[in-house]
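Just final_38.cif here, mmCIF, C-alpha atoms:
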data_query
loop_
_atom_site.label_atom_id
_atom_site.label_comp_id
_atom_site.auth_asym_id
_atom_site.auth_seq_id
_atom_site.Cartn_x
_atom_site.Cartn_y
_atom_site.Cartn_z
CA MET A 1 100.32 84.56 167.64
CA LEU A 2 97.05 82.62 167.44
CA ALA A 3 96.68 82.71 171.21
CA ARG A 4 97.09 86.49 171.30
CA VAL A 5 94.58 86.98 168.47
CA ALA A 6 92.11 84.63 170.20
CA VAL A 7 92.31 86.60 173.45
CA VAL A 8 91.55 89.87 171.63
CA ALA A 9 88.73 88.20 169.68
CA PHE A 10 86.99 86.81 172.77
CA ASN A 11 87.33 90.09 174.64
CA THR A 12 85.84 91.93 171.65
CA TYR A 13 82.99 89.44 171.48
CA ARG A 14 82.27 89.80 175.21
CA GLU A 15 82.12 93.57 174.91
CA ALA A 16 79.89 93.40 171.84
CA VAL A 17 77.27 91.06 173.28
CA ARG A 18 76.84 93.40 176.24
CA ALA A 19 76.07 96.39 174.00
CA ARG A 20 72.50 97.62 174.38
CA ILE A 21 72.27 98.74 170.77
CA LEU A 22 72.97 95.15 169.68
CA HIS A 23 70.19 93.91 171.93
CA GLY A 24 67.90 96.51 170.40
CA LEU A 25 68.74 95.42 166.86
CA PHE A 26 68.19 91.79 167.82
CA ALA A 27 64.77 92.64 169.25
CA LEU A 28 63.98 94.68 166.13
CA ALA A 29 64.96 91.74 163.92
CA LEU A 30 62.67 89.44 165.90
CA GLY A 31 59.90 92.01 165.61
CA THR A 32 60.38 92.07 161.84
CA LEU A 33 60.09 88.28 161.77
CA GLY A 34 56.80 88.65 163.65
CA TYR A 35 55.68 91.17 161.02
CA ALA A 36 56.61 88.64 158.34
CA LEU A 37 54.29 86.12 160.01
CA VAL A 38 51.45 88.67 159.98
CA VAL A 39 52.03 89.41 156.28
CA GLY A 40 52.18 85.69 155.55
CA ALA A 41 48.86 85.16 157.32
CA PHE A 42 47.18 87.52 154.84
CA ALA A 43 48.74 85.82 151.82
CA VAL A 44 46.16 83.81 149.94
CA ARG A 45 48.81 81.46 148.58
CA ASN A 46 52.43 80.66 149.42
CA THR A 47 52.28 81.76 153.06
CA MET A 48 55.55 80.05 153.85
CA ARG A 49 57.24 81.69 150.88
CA ALA A 50 56.16 85.16 152.04
CA VAL A 51 57.43 84.47 155.55
CA SER A 52 60.74 82.99 154.40
CA ASP A 53 61.44 85.78 151.89
CA LEU A 54 60.64 88.62 154.30
CA GLY A 55 62.38 86.92 157.20
CA ALA A 56 65.56 86.20 155.24
CA ALA A 57 65.62 89.76 153.88
CA SER A 58 65.30 91.19 157.39
CA ILE A 59 68.16 89.01 158.66
CA SER A 60 70.35 90.28 155.83
CA LEU A 61 69.37 93.91 156.45
CA TYR A 62 69.97 93.85 160.20
CA GLY A 63 73.10 91.76 159.79
CA ILE A 64 74.59 94.49 157.59
CA ALA A 65 73.59 97.11 160.17
CA VAL A 66 75.27 95.16 162.98
CA ALA A 67 78.42 94.63 160.90
CA ILE A 68 78.74 98.36 160.18
CA MET A 69 77.96 99.28 163.79
CA LEU A 70 80.55 96.91 165.24
CA GLY A 71 83.22 97.92 162.75
CA ALA A 72 82.65 101.62 163.40
CA THR A 73 82.59 101.48 167.20
CA THR A 74 84.71 98.64 168.60
CA LEU A 75 88.09 100.06 167.64
CA TYR A 76 87.12 103.68 168.25
CA ARG A 77 85.90 102.86 171.76
CA GLU A 78 89.34 101.49 172.64
CA LEU A 79 90.98 104.65 171.29
CA GLU A 80 88.52 106.99 173.02
CA LEU A 81 88.89 105.30 176.41
CA LYS A 82 92.65 104.96 175.82
CA THR A 83 92.51 101.28 176.80
CA ILE A 84 94.41 100.46 173.64
CA PHE A 85 97.68 101.87 175.01
CA PRO A 86 98.28 99.29 177.78
CA ILE A 87 97.17 96.57 175.37
CA LEU A 88 99.71 97.50 172.69
CA THR A 89 102.54 97.80 175.23
CA ARG A 90 102.34 94.02 175.59
CA PRO A 91 103.93 91.64 173.07
CA LEU A 92 101.06 92.14 170.62
CA ARG A 93 101.44 93.48 167.10
CA ARG A 94 98.97 96.03 165.84
CA GLY A 95 98.00 93.73 162.98
CA GLU A 96 97.23 90.91 165.43
CA TYR A 97 95.13 93.28 167.50
CA LEU A 98 93.16 94.39 164.44
CA VAL A 99 92.56 90.81 163.28
CA GLY A 100 91.39 89.88 166.77
CA LYS A 101 88.91 92.75 166.78
CA TYR A 102 87.60 91.61 163.40
CA LEU A 103 87.21 87.98 164.47
CA GLY A 104 85.41 89.07 167.64
CA SER A 105 82.97 91.02 165.50
CA LEU A 106 82.47 87.94 163.29
CA MET A 107 81.65 85.83 166.35
CA THR A 108 79.01 88.37 167.35
CA LEU A 109 77.60 88.43 163.82
CA TRP A 110 77.43 84.64 163.79
CA VAL A 111 75.35 84.64 166.99
CA PHE A 112 73.06 87.32 165.57
CA ILE A 113 72.48 85.59 162.23
CA ALA A 114 72.28 82.03 163.57
CA ALA A 115 69.80 82.91 166.33
CA ASN A 116 67.52 84.86 164.00
CA THR A 117 67.69 82.12 161.36
CA GLY A 118 66.83 79.51 164.00
CA VAL A 119 63.76 81.51 165.05
CA LEU A 120 62.70 81.89 161.41
CA LEU A 121 63.07 78.15 160.83
CA LEU A 122 60.98 77.45 163.93
CA ALA A 123 58.26 79.74 162.52
CA LEU A 124 58.37 77.81 159.24
CA ALA A 125 58.20 74.55 161.16
CA HIS A 126 54.91 75.65 162.74
CA LEU A 127 53.53 76.78 159.37
CA ALA A 128 54.52 73.40 157.94
CA GLY A 129 52.44 71.55 160.53
CA ARG A 130 54.54 71.25 163.67
CA PRO A 131 52.46 71.73 166.86
CA LEU A 132 52.84 75.17 168.41
CA TRP A 133 53.72 73.72 171.81
CA GLN A 134 56.63 71.83 170.26
CA VAL A 135 58.03 74.93 168.56
CA LEU A 136 57.63 77.04 171.70
CA ALA A 137 59.19 74.33 173.83
CA VAL A 138 62.32 74.37 171.69
CA GLY A 139 62.55 78.14 171.32
CA LEU A 140 61.48 79.39 174.75
CA GLY A 141 62.74 76.30 176.54
CA SER A 142 66.27 76.68 175.20
CA LEU A 143 66.24 80.41 176.00
CA ALA A 144 65.06 79.72 179.56
CA ALA A 145 67.80 77.12 180.00
CA VAL A 146 70.43 79.58 178.81
CA LEU A 147 69.14 82.33 181.13
CA LEU A 148 69.11 79.95 184.08
CA LEU A 149 72.64 78.78 183.36
CA ALA A 150 73.79 82.38 182.94
CA TRP A 151 72.30 83.21 186.34
CA ARG A 152 73.99 80.26 188.00
CA LYS A 153 77.33 80.62 186.18
CA ALA A 154 77.96 84.34 185.80
CA ARG A 155 81.40 83.87 184.20
CA TRP A 156 79.81 81.93 181.31
CA ARG A 157 77.19 84.61 180.68
CA THR A 158 78.73 86.12 177.57
CA LEU A 159 79.86 82.81 176.06
CA LEU A 160 76.52 81.01 176.29
CA PRO A 161 74.95 82.72 173.23
CA LEU A 162 77.49 80.97 170.97
CA PRO A 163 76.38 77.35 171.62
CA TRP A 164 72.75 78.46 172.09
CA SER A 165 72.59 80.06 168.63
CA VAL A 166 74.08 76.93 167.05
CA ALA A 167 71.66 74.65 168.92
CA LEU A 168 68.69 76.85 167.94
CA LEU A 169 69.75 76.81 164.29
CA VAL A 170 70.17 73.03 164.22
CA ALA A 171 66.86 72.46 166.03
CA GLY A 172 65.08 74.80 163.62
CA TRP A 173 66.58 72.98 160.64
CA PHE A 174 65.33 69.59 161.77
CA LEU A 175 61.91 70.76 162.92
CA ALA A 176 61.31 72.59 159.62
CA ASP A 177 61.76 69.42 157.56
CA GLY A 178 58.20 69.79 156.29
CA ALA A 179 58.87 73.29 154.88
CA GLY A 180 60.56 71.87 151.77
CA ASP A 181 62.19 74.48 149.55
CA GLU A 182 61.60 77.29 152.06
CA ARG A 183 63.94 75.66 154.56
CA ARG A 184 66.60 75.40 151.88
CA VAL A 185 66.10 79.04 150.85
CA VAL A 186 66.33 80.37 154.41
CA PHE A 187 69.39 78.33 155.32
CA GLY A 188 71.19 79.11 152.06
CA LEU A 189 70.53 82.83 152.38
CA ALA A 190 71.66 82.76 156.02
CA VAL A 191 75.03 81.26 155.03
CA LEU A 192 75.45 83.75 152.19
CA THR A 193 74.45 86.60 154.50
CA PHE A 194 77.22 85.60 156.90
CA PHE A 195 79.74 85.67 154.05
CA GLU A 196 78.47 89.09 152.98
CA VAL A 197 78.66 90.61 156.46
CA ALA A 198 82.17 89.19 156.80
CA ILE A 199 83.20 91.38 153.84
CA VAL A 200 81.27 94.37 155.17
CA ALA A 201 82.89 93.96 158.60
CA ALA A 202 86.32 93.83 156.93
CA LEU A 203 85.51 97.04 155.05
CA ALA A 204 84.41 98.70 158.29
CA THR A 205 87.61 97.54 160.00
CA LEU A 206 89.68 99.05 157.19
CA PHE A 207 87.95 102.42 157.42
CA ALA A 208 87.98 102.36 161.23
CA SER A 209 91.77 101.96 161.16
CA PHE A 210 92.15 105.59 160.07
CA SER A 211 88.82 107.44 160.46
CA SER A 212 86.07 108.35 162.92
CA PRO A 213 82.90 106.29 163.54
CA PHE A 214 80.76 108.64 161.44
CA LEU A 215 83.12 108.51 158.47
CA THR A 216 83.57 104.76 158.89
CA THR A 217 79.81 104.25 158.77
CA THR A 218 79.48 106.54 155.74
CA TYR A 219 82.33 104.94 153.80
CA THR A 220 81.26 101.39 154.62
CA PHE A 221 77.64 101.99 153.71
CA GLY A 222 78.72 103.64 150.46
CA MET A 223 80.91 100.66 149.56
CA PHE A 224 78.03 98.34 150.45
CA LEU A 225 75.73 100.19 148.05
CA ILE A 226 78.34 100.06 145.29
CA GLY A 227 78.92 96.35 145.93
CA ARG A 228 75.21 95.63 145.74
CA SER A 229 75.10 97.55 142.44
CA ALA A 230 78.22 95.98 140.93
CA ASP A 231 76.36 94.00 138.28
CA THR A 232 74.37 97.07 137.25
CA LEU A 233 77.47 99.28 137.10
CA ALA A 234 79.21 96.77 134.86
CA ARG A 235 76.38 96.96 132.33
CA LEU A 236 75.61 100.68 132.16
CA PRO A 237 74.36 101.54 128.65
CA SER A 238 76.67 104.10 127.04
CA ARG A 239 73.78 105.57 125.01
CA VAL A 240 72.05 106.67 128.21
CA PHE A 241 74.93 107.49 130.58
CA GLY A 242 77.78 108.19 128.16
CA GLU A 243 81.15 106.49 127.70
CA THR A 244 82.73 108.13 130.75
CA ALA A 245 80.04 106.92 133.15
CA LYS A 246 80.17 103.47 131.58
CA ASP A 247 83.96 103.28 132.03
CA VAL A 248 83.75 104.49 135.64
CA GLY A 249 81.01 101.98 136.40
CA SER A 250 83.02 99.18 134.81
CA VAL A 251 86.08 100.05 136.91
CA LEU A 252 84.05 100.28 140.12
CA SER A 253 82.45 96.90 139.49
CA LYS A 254 85.92 95.34 139.31
CA VAL A 255 87.64 97.04 142.27
CA VAL A 256 84.88 96.59 144.87
CA PRO A 257 83.46 93.30 146.21
CA ASN A 258 80.52 92.11 144.15
CA LEU A 259 77.97 91.71 146.95
CA MET A 260 75.25 90.65 144.52
CA LEU A 261 76.80 87.19 144.71
CA TYR A 262 75.27 86.89 148.17
CA VAL A 263 71.69 87.60 147.09
CA PRO A 264 71.17 85.02 144.33
CA SER A 265 67.94 84.28 142.53
CA ARG A 266 65.38 82.02 144.15
CA PRO A 267 65.63 79.23 141.50
CA LEU A 268 69.31 78.82 142.36
CA LEU A 269 68.52 78.45 146.07
CA THR A 270 65.77 75.91 145.44
CA GLY A 271 67.91 73.89 143.02
CA GLU A 272 65.70 74.66 140.02
CA GLN A 273 68.37 76.53 138.05
CA PRO A 274 69.91 74.03 135.62
CA GLY A 275 73.65 73.52 135.62
CA VAL A 276 74.24 75.26 138.97
CA SER A 277 74.81 73.42 142.25
CA LEU A 278 73.89 75.33 145.40
CA GLY A 279 76.75 73.74 147.32
CA ALA A 280 79.30 74.72 144.68
CA TYR A 281 77.85 78.23 144.49
CA ILE A 282 78.05 78.72 148.25
CA GLY A 283 81.60 77.34 148.26
CA SER A 284 82.66 79.77 145.54
CA ALA A 285 80.96 82.71 147.27
CA GLY A 286 82.58 81.74 150.56
CA GLY A 287 86.00 81.55 148.94
CA GLN A 288 85.59 85.03 147.52
CA ALA A 289 84.47 86.33 150.92
CA VAL A 290 87.57 84.87 152.57
CA ALA A 291 89.84 86.32 149.87
CA TRP A 292 88.30 89.79 150.13
CA SER A 293 88.39 89.73 153.93
CA ILE A 294 92.07 88.75 154.03
CA ALA A 295 93.00 91.41 151.47
CA LEU A 296 91.06 94.15 153.27
CA LEU A 297 92.48 93.16 156.66
CA ALA A 298 96.01 93.19 155.23
CA VAL A 299 95.53 96.77 154.03
CA ALA A 300 93.89 97.71 157.34
CA ALA A 301 96.81 96.26 159.30
CA LEU A 302 99.28 98.20 157.16
CA VAL A 303 97.39 101.47 157.68
CA PHE A 304 96.85 100.85 161.41
CA ARG A 305 100.53 100.05 161.94
CA ARG A 306 101.45 103.48 160.60
CA ARG A 307 98.78 105.36 162.51
CA ASP A 308 99.86 107.89 165.12
CA PHE A 309 97.54 107.84 168.16
CA LEU A 310 98.80 111.14 169.58
#
Have the structure of the file written as structure tokens, please.
Amino acid sequence: MLARVAVVAFNTYREAVRARILHGLFALALGTLGYALVVGAFAVRNTMRAVSDLGAASISLYGIAVAIMLGATTLYRELELKTIFPILTRPLRRGEYLVGKYLGSLMTLWVFIAANTGVLLLALAHLAGRPLWQVLAVGLGSLAAVLLLAWRKARWRTLLPLPWSVALLVAGWFLADGAGDERRVVFGLAVLTFFEVAIVAALATLFASFSSPFLTTTYTFGMFLIGRSADTLARLPSRVFGETAKDVGSVLSKVVPNLMLYVPSRPLLTGEQPGVSLGAYIGSAGGQAVAWSIALLAVAALVFRRRDFL
């Protein structure tokens, strides 16, 4: 079973990293990081804070966009091209196929988030006093090495971004040791962003199991907005909105994933909030992300198993 799921996951990942729209979103995310540097340069105080906050927010925003895009298109493309039929004639359950597609999307999201976070950490490293040549040597040097290896070993071309993104993230973490709390904020938000997009990707997979790409995008984005508003919906004042709206908001806040967990306050990320450990908080948020993802994938597998492709 695991071998069959892994094959589907790697094939999904290979297809995703070749998509031009993903390359465009990656370039747009890097451009937004450059904009964050420009804004930070005009900040009279706390330049690094401005860069880290804007950069982390852009990674979260584009990560959500990539998660919705992958969830809405990867499965539909197989159905549209009818390549799913020879796949499912093999000893592969529909649930295994769906889980493999989801894990392939997660691998792509990991590369996207890790690479962007690594670049942001390298920018913070330079702002914290690292020489520009050192930062560029790590960033551009590692990219050049990957491109050269991809040219020499064509069969490794799609797999190379996985270790490269990890190496860039680790290098950025160590080089940004002088950034202090900003390094902690960026890394913590990156981990929480990955947990959040894992839930969003699971939601998109669920909707994609029975609907079109447009409806999948609409439903997933709507659920994302409700999840980001869960805390607000749970505390709607009845004097303003009425008892009915308050009850509906309370129910919605309990039946949808509370995505506000993945955008905590800055004092929690910097360790200044008393009585709360960042490690424990991230562990709890990660556990909830895993639980929600498993539950959503279970429902998606049940729906997809009953779907008629004719």
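Across the structure, atom CA of A:Tyr219 and atom CA of A:Val200 are spaced 10.7 Å apart.
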> the PyMOL selection byres ((chain A and resi 201-218) around 10) on the file shown: which residues, as number ranges by chain?
Replying inline: A: 64-77, 98-99, 101-103, 105-106, 109, 195-200, 219-224, 257, 289, 292-309
Produce a table with one row for each residue of stretch 161-236 of chain A that has an atom at most 7 Å from any atom of stretch 120-142 of chain A, each row naming the nearest atom pair and its distance in Å at one decimal; use all atoms listed in the file; arrange rows by chain and rising residue number; format as a Markdown table.
| residue | atom | partner | partner_atom | distance |
| --- | --- | --- | --- | --- |
| A:Gly172 | CA | A:Leu121 | CA | 4.8 |
| A:Trp173 | CA | A:Leu121 | CA | 6.3 |
| A:Leu175 | CA | A:Ala125 | CA | 5.6 |
| A:Ala176 | CA | A:Ala125 | CA | 4.0 |
| A:Gly178 | CA | A:Ala128 | CA | 5.4 |
| A:Ala179 | CA | A:Ala128 | CA | 5.3 |
| A:Arg183 | CA | A:Leu121 | CA | 6.8 |
> Any idea what the distance is between atom CA of A:Leu189 and atom CA of A:Leu37?
Replying inline: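 Computed distance, atom CA of A:Leu189 to atom CA of A:Leu37, equals 18.2 Å.
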> Expanded to explicit residues, what is the PyMOL selection byres ((chain A and resi 279) around 12) for this file, as a PyMOL selection string?
Replying inline: chain A and resi 184+187-188+191-192+268-271+276-278+280-286
Write a file of the selected residues as a PDB file, keeping the file's coordinate frame, keeping C-alpha atoms.
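Produced file again.pdb, reproduced below:
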ATOM      1  CA  ARG A 184      66.600  75.400 151.880  1.00  0.00           C
ATOM      2  CA  PHE A 187      69.390  78.330 155.320  1.00  0.00           C
ATOM      3  CA  GLY A 188      71.190  79.110 152.060  1.00  0.00           C
ATOM      4  CA  VAL A 191      75.030  81.260 155.030  1.00  0.00           C
ATOM      5  CA  LEU A 192      75.450  83.750 152.190  1.00  0.00           C
ATOM      6  CA  LEU A 268      69.310  78.820 142.360  1.00  0.00           C
ATOM      7  CA  LEU A 269      68.520  78.450 146.070  1.00  0.00           C
ATOM      8  CA  THR A 270      65.770  75.910 145.440  1.00  0.00           C
ATOM      9  CA  GLY A 271      67.910  73.890 143.020  1.00  0.00           C
ATOM     10  CA  VAL A 276      74.240  75.260 138.970  1.00  0.00           C
ATOM     11  CA  SER A 277      74.810  73.420 142.250  1.00  0.00           C
ATOM     12  CA  LEU A 278      73.890  75.330 145.400  1.00  0.00           C
ATOM     13  CA  ALA A 280      79.300  74.720 144.680  1.00  0.00           C
ATOM     14  CA  TYR A 281      77.850  78.230 144.490  1.00  0.00           C
ATOM     15  CA  ILE A 282      78.050  78.720 148.250  1.00  0.00           C
ATOM     16  CA  GLY A 283      81.600  77.340 148.260  1.00  0.00           C
ATOM     17  CA  SER A 284      82.660  79.770 145.540  1.00  0.00           C
ATOM     18  CA  ALA A 285      80.960  82.710 147.270  1.00  0.00           C
ATOM     19  CA  GLY A 286      82.580  81.740 150.560  1.00  0.00           C
TER      20      GLY A 286
END
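Picked out by the PyMOL selection byres ((chain A and resi 230) around 9) when it runs on this file: Leu225, Ile226, Gly227, Arg228, Ser229, Asp231, Thr232, Leu233, Ala234, Arg235, Gly249, Ser250, Leu252, Ser253, Lys254, Val256, Pro257, Asn258, Leu259 and Met260 of chain A.
Comparing the minimum interatomic distances between A:Trp156 and each of A:Ala190, A:Arg14, A:Ala291, A:Leu92, counting only C-alpha atoms, we find that A:Arg14 sits nearest.
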>> Residues within 10 Å of A:Ala3, please, as a PyMOL selection string. Count all atoms listed in the file; anything in the same chain fewer than 5 positions from it doesn't count.
In response: chain A and resi 8-9+100
Set up a box along x, y and z of the file covering all listed atoms of stretch 254-267 of chain A, add 4 Å on every one of the six sides, and write the centre and edge lengths in Å to one decimal, as JSON.
{"center_x": 76.5, "center_y": 88.1, "center_z": 143.7, "size_x": 30.3, "size_y": 25.8, "size_z": 16.9}
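One finds atom CA of A:Val17 at 25.6 Å from atom CA of A:Ala36.
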> Pick the closest to A:Arg93 from A:Arg4, A:Lys246, A:Arg266, A:Arg18: which is it, counting all atoms listed in the file?
Replying inline: A:Arg4
